[in-house]
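*Asks:* My file is query-v9.cif. It has mmCIF, C-alpha atoms and all ligand atoms:
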```
data_start
#
loop_
_atom_site.group_PDB
_atom_site.id
_atom_site.type_symbol
_atom_site.label_atom_id
_atom_site.label_comp_id
_atom_site.auth_asym_id
_atom_site.auth_seq_id
_atom_site.Cartn_x
_atom_site.Cartn_y
_atom_site.Cartn_z
ATOM 1 C CA ALA D 1 -108.596 -7.933 64.993
ATOM 2 C CA ALA D 2 -108.176 -10.703 62.418
ATOM 3 C CA ARG D 3 -110.926 -11.929 60.155
ATOM 4 C CA THR D 4 -111.821 -15.252 58.639
ATOM 5 C CA LEU D 5 -114.440 -16.594 56.267
ATOM 6 C CA ALA D 6 -116.748 -19.194 57.748
ATOM 7 C CA LEU D 7 -119.276 -21.328 55.876
ATOM 8 C CA ILE D 8 -122.204 -23.137 57.454
ATOM 9 C CA LYS D 9 -122.647 -25.808 54.795
ATOM 10 C CA PRO D 10 -126.014 -26.933 53.321
ATOM 11 C CA SER D 11 -126.697 -29.870 55.680
ATOM 12 C CA VAL D 12 -126.738 -27.478 58.662
ATOM 13 C CA ALA D 13 -127.980 -24.368 56.848
ATOM 14 C CA ALA D 14 -131.174 -26.272 55.941
ATOM 15 C CA ASN D 15 -132.177 -26.166 59.618
ATOM 16 C CA PRO D 16 -132.778 -22.637 60.996
ATOM 17 C CA HIS D 17 -132.689 -23.925 64.562
ATOM 18 C CA LEU D 18 -129.214 -25.389 64.043
ATOM 19 C CA VAL D 19 -128.033 -22.141 62.428
ATOM 20 C CA ASP D 20 -129.208 -20.233 65.517
ATOM 21 C CA THR D 21 -127.325 -22.689 67.719
ATOM 22 C CA VAL D 22 -124.160 -22.071 65.681
ATOM 23 C CA ARG D 23 -124.582 -18.269 65.859
ATOM 24 C CA ALA D 24 -124.972 -18.442 69.648
ATOM 25 C CA ARG D 25 -121.881 -20.633 69.921
ATOM 26 C CA VAL D 26 -119.876 -18.307 67.671
ATOM 27 C CA ARG D 27 -120.713 -15.294 69.881
ATOM 28 C CA ALA D 28 -120.107 -17.220 73.103
ATOM 29 C CA GLU D 29 -116.603 -18.051 71.818
ATOM 30 C CA GLY D 30 -115.866 -14.359 71.361
ATOM 31 C CA PHE D 31 -116.269 -13.944 67.605
ATOM 32 C CA ALA D 32 -118.038 -10.913 66.142
ATOM 33 C CA VAL D 33 -120.143 -11.630 63.053
ATOM 34 C CA LYS D 34 -119.175 -8.756 60.741
ATOM 35 C CA ALA D 35 -121.285 -9.822 57.771
ATOM 36 C CA GLU D 36 -123.556 -12.679 56.882
ATOM 37 C CA ARG D 37 -125.331 -13.822 53.729
ATOM 38 C CA VAL D 38 -127.120 -16.830 52.324
ATOM 39 C CA VAL D 39 -125.560 -18.289 49.174
ATOM 40 C CA GLN D 40 -126.839 -20.842 46.678
ATOM 41 C CA TRP D 41 -124.210 -22.361 44.384
ATOM 42 C CA ASN D 42 -124.631 -24.306 41.191
ATOM 43 C CA LEU D 43 -122.218 -27.164 40.412
ATOM 44 C CA ASP D 44 -119.805 -24.910 38.519
ATOM 45 C CA ASP D 45 -119.518 -22.505 41.468
ATOM 46 C CA ALA D 46 -118.661 -25.443 43.738
ATOM 47 C CA ARG D 47 -116.122 -26.870 41.252
ATOM 48 C CA ARG D 48 -114.386 -23.490 41.069
ATOM 49 C CA PHE D 49 -114.163 -23.050 44.835
ATOM 50 C CA TYR D 50 -112.825 -26.589 45.382
ATOM 51 C CA ARG D 51 -110.701 -26.821 42.203
ATOM 52 C CA GLN D 52 -107.638 -27.719 44.290
ATOM 53 C CA HIS D 53 -109.394 -31.022 45.101
ATOM 54 C CA GLU D 54 -110.174 -31.917 41.460
ATOM 55 C CA GLY D 55 -109.302 -35.585 40.931
ATOM 56 C CA ARG D 56 -109.664 -36.591 44.589
ATOM 57 C CA PHE D 57 -112.119 -39.440 45.206
ATOM 58 C CA PHE D 58 -114.500 -37.153 47.108
ATOM 59 C CA TYR D 59 -114.494 -34.236 44.623
ATOM 60 C CA LYS D 60 -117.815 -35.086 42.920
ATOM 61 C CA ARG D 61 -119.727 -35.663 46.121
ATOM 62 C CA LEU D 62 -118.158 -32.587 47.721
ATOM 63 C CA CYS D 63 -119.311 -30.378 44.817
ATOM 64 C CA GLY D 64 -122.735 -32.049 44.797
ATOM 65 C CA TYR D 65 -123.086 -31.416 48.509
ATOM 66 C CA MET D 66 -122.116 -27.748 48.290
ATOM 67 C CA ALA D 67 -124.590 -27.192 45.417
ATOM 68 C CA SER D 68 -127.387 -29.168 47.132
ATOM 69 C CA GLY D 69 -128.985 -26.167 48.841
ATOM 70 C CA PRO D 70 -128.402 -22.770 50.398
ATOM 71 C CA PHE D 71 -125.552 -22.258 52.825
ATOM 72 C CA VAL D 72 -124.498 -19.393 55.090
ATOM 73 C CA ALA D 73 -121.309 -17.359 54.612
ATOM 74 C CA MET D 74 -119.996 -15.215 57.477
ATOM 75 C CA ILE D 75 -117.095 -12.905 58.149
ATOM 76 C CA LEU D 76 -115.923 -13.640 61.696
ATOM 77 C CA GLU D 77 -113.672 -11.243 63.574
ATOM 78 C CA LYS D 78 -111.565 -12.008 66.625
ATOM 79 C CA GLU D 79 -107.938 -12.170 67.613
ATOM 80 C CA ASN D 80 -106.546 -15.310 65.954
ATOM 81 C CA ALA D 81 -109.835 -15.685 64.075
ATOM 82 C CA ILE D 82 -108.447 -18.086 61.466
ATOM 83 C CA SER D 83 -106.973 -20.698 63.789
ATOM 84 C CA ASP D 84 -109.592 -20.237 66.521
ATOM 85 C CA TRP D 85 -112.471 -20.832 64.085
ATOM 86 C CA ARG D 86 -110.794 -23.940 62.660
ATOM 87 C CA LYS D 87 -110.233 -25.145 66.207
ATOM 88 C CA LEU D 88 -113.895 -24.527 67.105
ATOM 89 C CA ILE D 89 -115.193 -26.436 64.062
ATOM 90 C CA GLY D 90 -112.776 -29.308 64.686
ATOM 91 C CA PRO D 91 -111.150 -31.920 62.438
ATOM 92 C CA THR D 92 -112.196 -32.450 58.793
ATOM 93 C CA ARG D 93 -112.965 -36.158 59.294
ATOM 94 C CA SER D 94 -116.189 -36.831 61.170
ATOM 95 C CA ILE D 95 -114.886 -39.655 63.372
ATOM 96 C CA ALA D 96 -112.003 -37.489 64.562
ATOM 97 C CA ALA D 97 -114.397 -34.568 65.047
ATOM 98 C CA ARG D 98 -116.676 -36.630 67.285
ATOM 99 C CA LEU D 99 -113.733 -37.392 69.529
ATOM 100 C CA GLU D 100 -113.174 -33.665 70.010
ATOM 101 C CA SER D 101 -115.956 -32.861 72.424
ATOM 102 C CA GLY D 102 -117.452 -29.428 71.970
ATOM 103 C CA SER D 103 -116.327 -29.129 68.350
ATOM 104 C CA LEU D 104 -119.058 -27.982 65.975
ATOM 105 C CA ARG D 105 -118.287 -30.742 63.472
ATOM 106 C CA GLY D 106 -118.344 -33.264 66.303
ATOM 107 C CA ASP D 107 -121.907 -32.172 67.026
ATOM 108 C CA MET D 108 -123.180 -31.576 63.476
ATOM 109 C CA ALA D 109 -121.097 -33.351 60.814
ATOM 110 C CA VAL D 110 -122.856 -36.325 59.237
ATOM 111 C CA SER D 111 -119.933 -37.694 57.188
ATOM 112 C CA ASP D 112 -116.423 -36.783 55.991
ATOM 113 C CA THR D 113 -117.942 -34.939 53.031
ATOM 114 C CA ARG D 114 -121.030 -33.503 54.716
ATOM 115 C CA ASN D 115 -118.896 -32.051 57.461
ATOM 116 C CA ALA D 116 -121.055 -29.006 58.060
ATOM 117 C CA PHE D 117 -118.464 -26.178 58.199
ATOM 118 C CA HIS D 118 -115.629 -24.478 56.413
ATOM 119 C CA GLY D 119 -112.977 -22.083 57.622
ATOM 120 C CA SER D 120 -110.220 -20.304 55.705
ATOM 121 C CA ASP D 121 -106.859 -21.939 56.320
ATOM 122 C CA SER D 122 -104.492 -18.949 56.005
ATOM 123 C CA VAL D 123 -104.358 -15.164 55.960
ATOM 124 C CA ASN D 124 -104.225 -15.257 52.155
ATOM 125 C CA SER D 125 -107.134 -17.638 51.711
ATOM 126 C CA ALA D 126 -109.171 -15.628 54.245
ATOM 127 C CA ARG D 127 -108.573 -12.469 52.206
ATOM 128 C CA GLU D 128 -109.462 -14.218 48.926
ATOM 129 C CA GLU D 129 -112.537 -15.924 50.316
ATOM 130 C CA ILE D 130 -113.861 -12.769 52.002
ATOM 131 C CA GLU D 131 -113.387 -10.947 48.698
ATOM 132 C CA MET D 132 -115.243 -13.748 46.893
ATOM 133 C CA PHE D 133 -118.320 -13.746 49.147
ATOM 134 C CA PHE D 134 -118.317 -10.116 50.291
ATOM 135 C CA PRO D 135 -116.678 -7.993 47.593
ATOM 136 C CA GLU D 136 -117.912 -4.803 49.312
ATOM 137 C CA GLU D 137 -116.299 -5.749 52.653
ATOM 138 C CA SER D 138 -112.758 -6.522 51.572
ATOM 139 C CA THR D 139 -109.826 -4.407 52.652
HETATM 140 P P1 LIG J 201 -112.735 -26.798 54.451
HETATM 141 O O1 LIG J 201 -111.765 -26.400 53.357
HETATM 142 O O2 LIG J 201 -114.131 -27.054 53.946
HETATM 143 O O3 LIG J 201 -112.680 -25.935 55.678
HETATM 144 P P2 LIG J 201 -110.832 -28.649 55.476
HETATM 145 O O4 LIG J 201 -109.803 -27.610 55.244
HETATM 146 O O5 LIG J 201 -111.029 -29.164 56.857
HETATM 147 O O6 LIG J 201 -112.270 -28.208 54.982
HETATM 148 P P3 LIG J 201 -110.030 -29.916 53.029
HETATM 149 O O7 LIG J 201 -108.969 -30.944 53.037
HETATM 150 O O8 LIG J 201 -109.764 -28.557 52.485
HETATM 151 O O9 LIG J 201 -110.614 -29.855 54.514
HETATM 152 O O10 LIG J 201 -111.263 -30.547 52.263
HETATM 153 C C1 LIG J 201 -112.303 -29.738 51.784
HETATM 154 C C2 LIG J 201 -113.612 -30.461 51.974
HETATM 155 O O11 LIG J 201 -113.609 -31.684 51.222
HETATM 156 C C3 LIG J 201 -113.872 -30.928 53.411
HETATM 157 O O12 LIG J 201 -114.403 -29.912 54.226
HETATM 158 C C4 LIG J 201 -114.850 -32.065 53.190
HETATM 159 O O13 LIG J 201 -116.162 -31.552 52.938
HETATM 160 C C5 LIG J 201 -114.310 -32.703 51.927
HETATM 161 N N1 LIG J 201 -113.380 -33.769 52.264
HETATM 162 C C6 LIG J 201 -112.099 -33.622 52.641
HETATM 163 N N2 LIG J 201 -111.507 -34.811 52.895
HETATM 164 C C7 LIG J 201 -112.453 -35.737 52.659
HETATM 165 C C8 LIG J 201 -112.472 -37.160 52.745
HETATM 166 N N3 LIG J 201 -111.402 -37.865 53.099
HETATM 167 N N4 LIG J 201 -113.623 -37.796 52.434
HETATM 168 C C9 LIG J 201 -114.702 -37.113 52.047
HETATM 169 N N5 LIG J 201 -114.763 -35.758 51.943
HETATM 170 C C10 LIG J 201 -113.645 -35.081 52.247
#
```
If you convert what's in this file into structure tokens, what do you get?

*Replies:*
Amino acid sequence: AARTLALIKPSVAANPHLVDTVRARVRAEGFAVKAERVVQWNLDDARRFYRQHEGRFFYKRLCGYMASGPFVAMILEKENAISDWRKLIGPTRSIAARLESGSLRGDMAVSDTRNAFHGSDSVNSAREEIEMFFPEEST
């Protein structure tokens, strides 16, 4: 089955009860959690990961958010894992996410930046991101 890299960003990862809710939801939707770890970035780590957004108006606050506390990285496995995980988290923008009932961002995002989740957007980025967070797990 296909794999994707999922992040539970700091605003949600700060609350163990919310993380449990996400894990339960992930399993209920048919994903297997193949690996999981807690990560703490500094600002430079965040700038590297989001370098494609350098210069955008939200870049500074995005990097500040991702370095603001620990977050959870997971390898999720399922048929169509990449698109199904992005569908489950919902739209990037919080207002759009709230309109998508049942989406994880709709329930847990607090703003467009603090949008609670990440999912790889292609087979290539999934491979790269899994390698980045779980070098021992990559294929
Ligand atoms: P991710 O890559 O985290 O899964 P995404 O693919 O849905 O998110 P991108 O366009 O790659 O969205 O943006 C990366 C991150 O930058 C978003 O998850 C969000 O935290 C932040 N971001 C994106 N667009 C905006 C915006 N218009 N205003 C504020 N923050 C934004």

*Asks:* Please return as a ChimeraX atom specification the residues found within 6 Å of ligand LIG 201 (chain J), counting only C-alpha atoms and all ligand atoms.

*Replies:* /D:58,62,92,112-115,118-119

*Asks:* Taking into account only C-alpha atoms, which residue in the set D:Lys87, D:His17, D:Glu129, D:Glu29 is nearest to Tyr50 of chain D?

*Replies:* D:Glu129

*Asks:* List the spatial neighbours of Lys34 of chain D as a compact mmCIF listing (two decimals) with C-alpha atoms, keeping the file's coordinate frame - criterion: any atom at most 7 Å away, all atoms listed in the file, same-chain residues fewer than 5 positions off excluded.

*Replies:*
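Written out: selection.txt:
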```
# COMPACT_ATOMS: atom_id res chain seq x y z
CA ILE D 75 -117.10 -12.90 58.15
CA LEU D 76 -115.92 -13.64 61.70
CA GLU D 77 -113.67 -11.24 63.57
```

*Asks:* Can you list, as a ChimeraX atom specification, every protein, DNA or RNA residue that comes within 7 Å of segment 3-14 of chain D when you count all atoms listed in the file, leaving out same-chain residues fewer than 4 positions away?

*Replies:* /D:18-19,66,68-78,81-82,114,116-120,126,129-130

*Asks:* Would you save the residues of that selection, restricted to C-alpha atoms, as a PDB file, keeping the file's coordinate frame?

*Replies:*
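Contents of out_26.pdb, freshly written:
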```pdb
ATOM      1  CA  LEU D  18    -129.214 -25.389  64.043  1.00  0.00           C
ATOM      2  CA  VAL D  19    -128.033 -22.141  62.428  1.00  0.00           C
ATOM      3  CA  MET D  66    -122.116 -27.748  48.290  1.00  0.00           C
ATOM      4  CA  SER D  68    -127.387 -29.168  47.132  1.00  0.00           C
ATOM      5  CA  GLY D  69    -128.985 -26.167  48.841  1.00  0.00           C
ATOM      6  CA  PRO D  70    -128.402 -22.770  50.398  1.00  0.00           C
ATOM      7  CA  PHE D  71    -125.552 -22.258  52.825  1.00  0.00           C
ATOM      8  CA  VAL D  72    -124.498 -19.393  55.090  1.00  0.00           C
ATOM      9  CA  ALA D  73    -121.309 -17.359  54.612  1.00  0.00           C
ATOM     10  CA  MET D  74    -119.996 -15.215  57.477  1.00  0.00           C
ATOM     11  CA  ILE D  75    -117.095 -12.905  58.149  1.00  0.00           C
ATOM     12  CA  LEU D  76    -115.923 -13.640  61.696  1.00  0.00           C
ATOM     13  CA  GLU D  77    -113.672 -11.243  63.574  1.00  0.00           C
ATOM     14  CA  LYS D  78    -111.565 -12.008  66.625  1.00  0.00           C
ATOM     15  CA  ALA D  81    -109.835 -15.685  64.075  1.00  0.00           C
ATOM     16  CA  ILE D  82    -108.447 -18.086  61.466  1.00  0.00           C
ATOM     17  CA  ARG D 114    -121.030 -33.503  54.716  1.00  0.00           C
ATOM     18  CA  ALA D 116    -121.055 -29.006  58.060  1.00  0.00           C
ATOM     19  CA  PHE D 117    -118.464 -26.178  58.199  1.00  0.00           C
ATOM     20  CA  HIS D 118    -115.629 -24.478  56.413  1.00  0.00           C
ATOM     21  CA  GLY D 119    -112.977 -22.083  57.622  1.00  0.00           C
ATOM     22  CA  SER D 120    -110.220 -20.304  55.705  1.00  0.00           C
ATOM     23  CA  ALA D 126    -109.171 -15.628  54.245  1.00  0.00           C
ATOM     24  CA  GLU D 129    -112.537 -15.924  50.316  1.00  0.00           C
ATOM     25  CA  ILE D 130    -113.861 -12.769  52.002  1.00  0.00           C
TER      26      ILE D 130
END
```

*Asks:* Report, in Å to a single decimal, how far apart atom CA of Val26 of chain D and atom CA of Ser101 of chain D are.

*Replies:* 15.8 Å

*Asks:* Let me make sure I understand: among D:Trp41, D:Phe31, D:Phe49, D:Trp85, which one has the smallest atom-to-atom distance to Glu128 of chain D if we use all atoms listed in the file?

*Replies:*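 Among the listed residues, the smallest separation from Glu128 of chain D belongs to D:Phe49.
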
*Asks:* Rounded to one decimal in Å, what is the spacing between atom CA of Gly102 of chain D and atom CA of Gly30 of chain D?

*Replies:*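 Computing the Euclidean distance for atom CA of Gly102 of chain D and atom CA of Gly30 of chain D yields 15.2 Å.
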
*Asks:* To one decimal in Å, tell me the separation between atom CA of Gly106 of chain D and atom CA of Asp121 of chain D.

*Replies:*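 Separation of atom CA of Gly106 of chain D and atom CA of Asp121 of chain D: 19.0 Å.
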
*Asks:* Give me the residues near Gly90 of chain D as a ChimeraX atom specification, where near means some atom within 8 Å (using all atoms listed in the file) and where sequence neighbours in that chain fewer than 3 positions away do not count.

*Replies:* /D:86-87,97,100,103-106

*Asks:* Compare D:Cys63, D:Ser111, D:Ala2, D:Ala28 by their minimum atom-to-atom distance to Leu88 of chain D, counting only C-alpha atoms, and give me the closest one.

*Replies:*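 Smallest distance to Leu88 of chain D is found for D:Ala28.
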
*Asks:* Restricting the calculation to all atoms listed in the file: of D:Ala46, D:Arg127, D:Pro135, D:Ser94, which residue gets closest to Arg61 of chain D?

*Replies:*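 Ranking D:Ala46, D:Arg127, D:Pro135, D:Ser94 by distance to Arg61 of chain D, first place goes to D:Ala46.
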
*Asks:* From the set D:Gln52, D:Pro16, D:Val110, D:Glu79, which residue has the shortest atom-to-atom contact distance to Tyr65 of chain D, counting all atoms listed in the file?

*Replies:*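 With all atoms listed in the file as the atom set, the closest residue is D:Val110.
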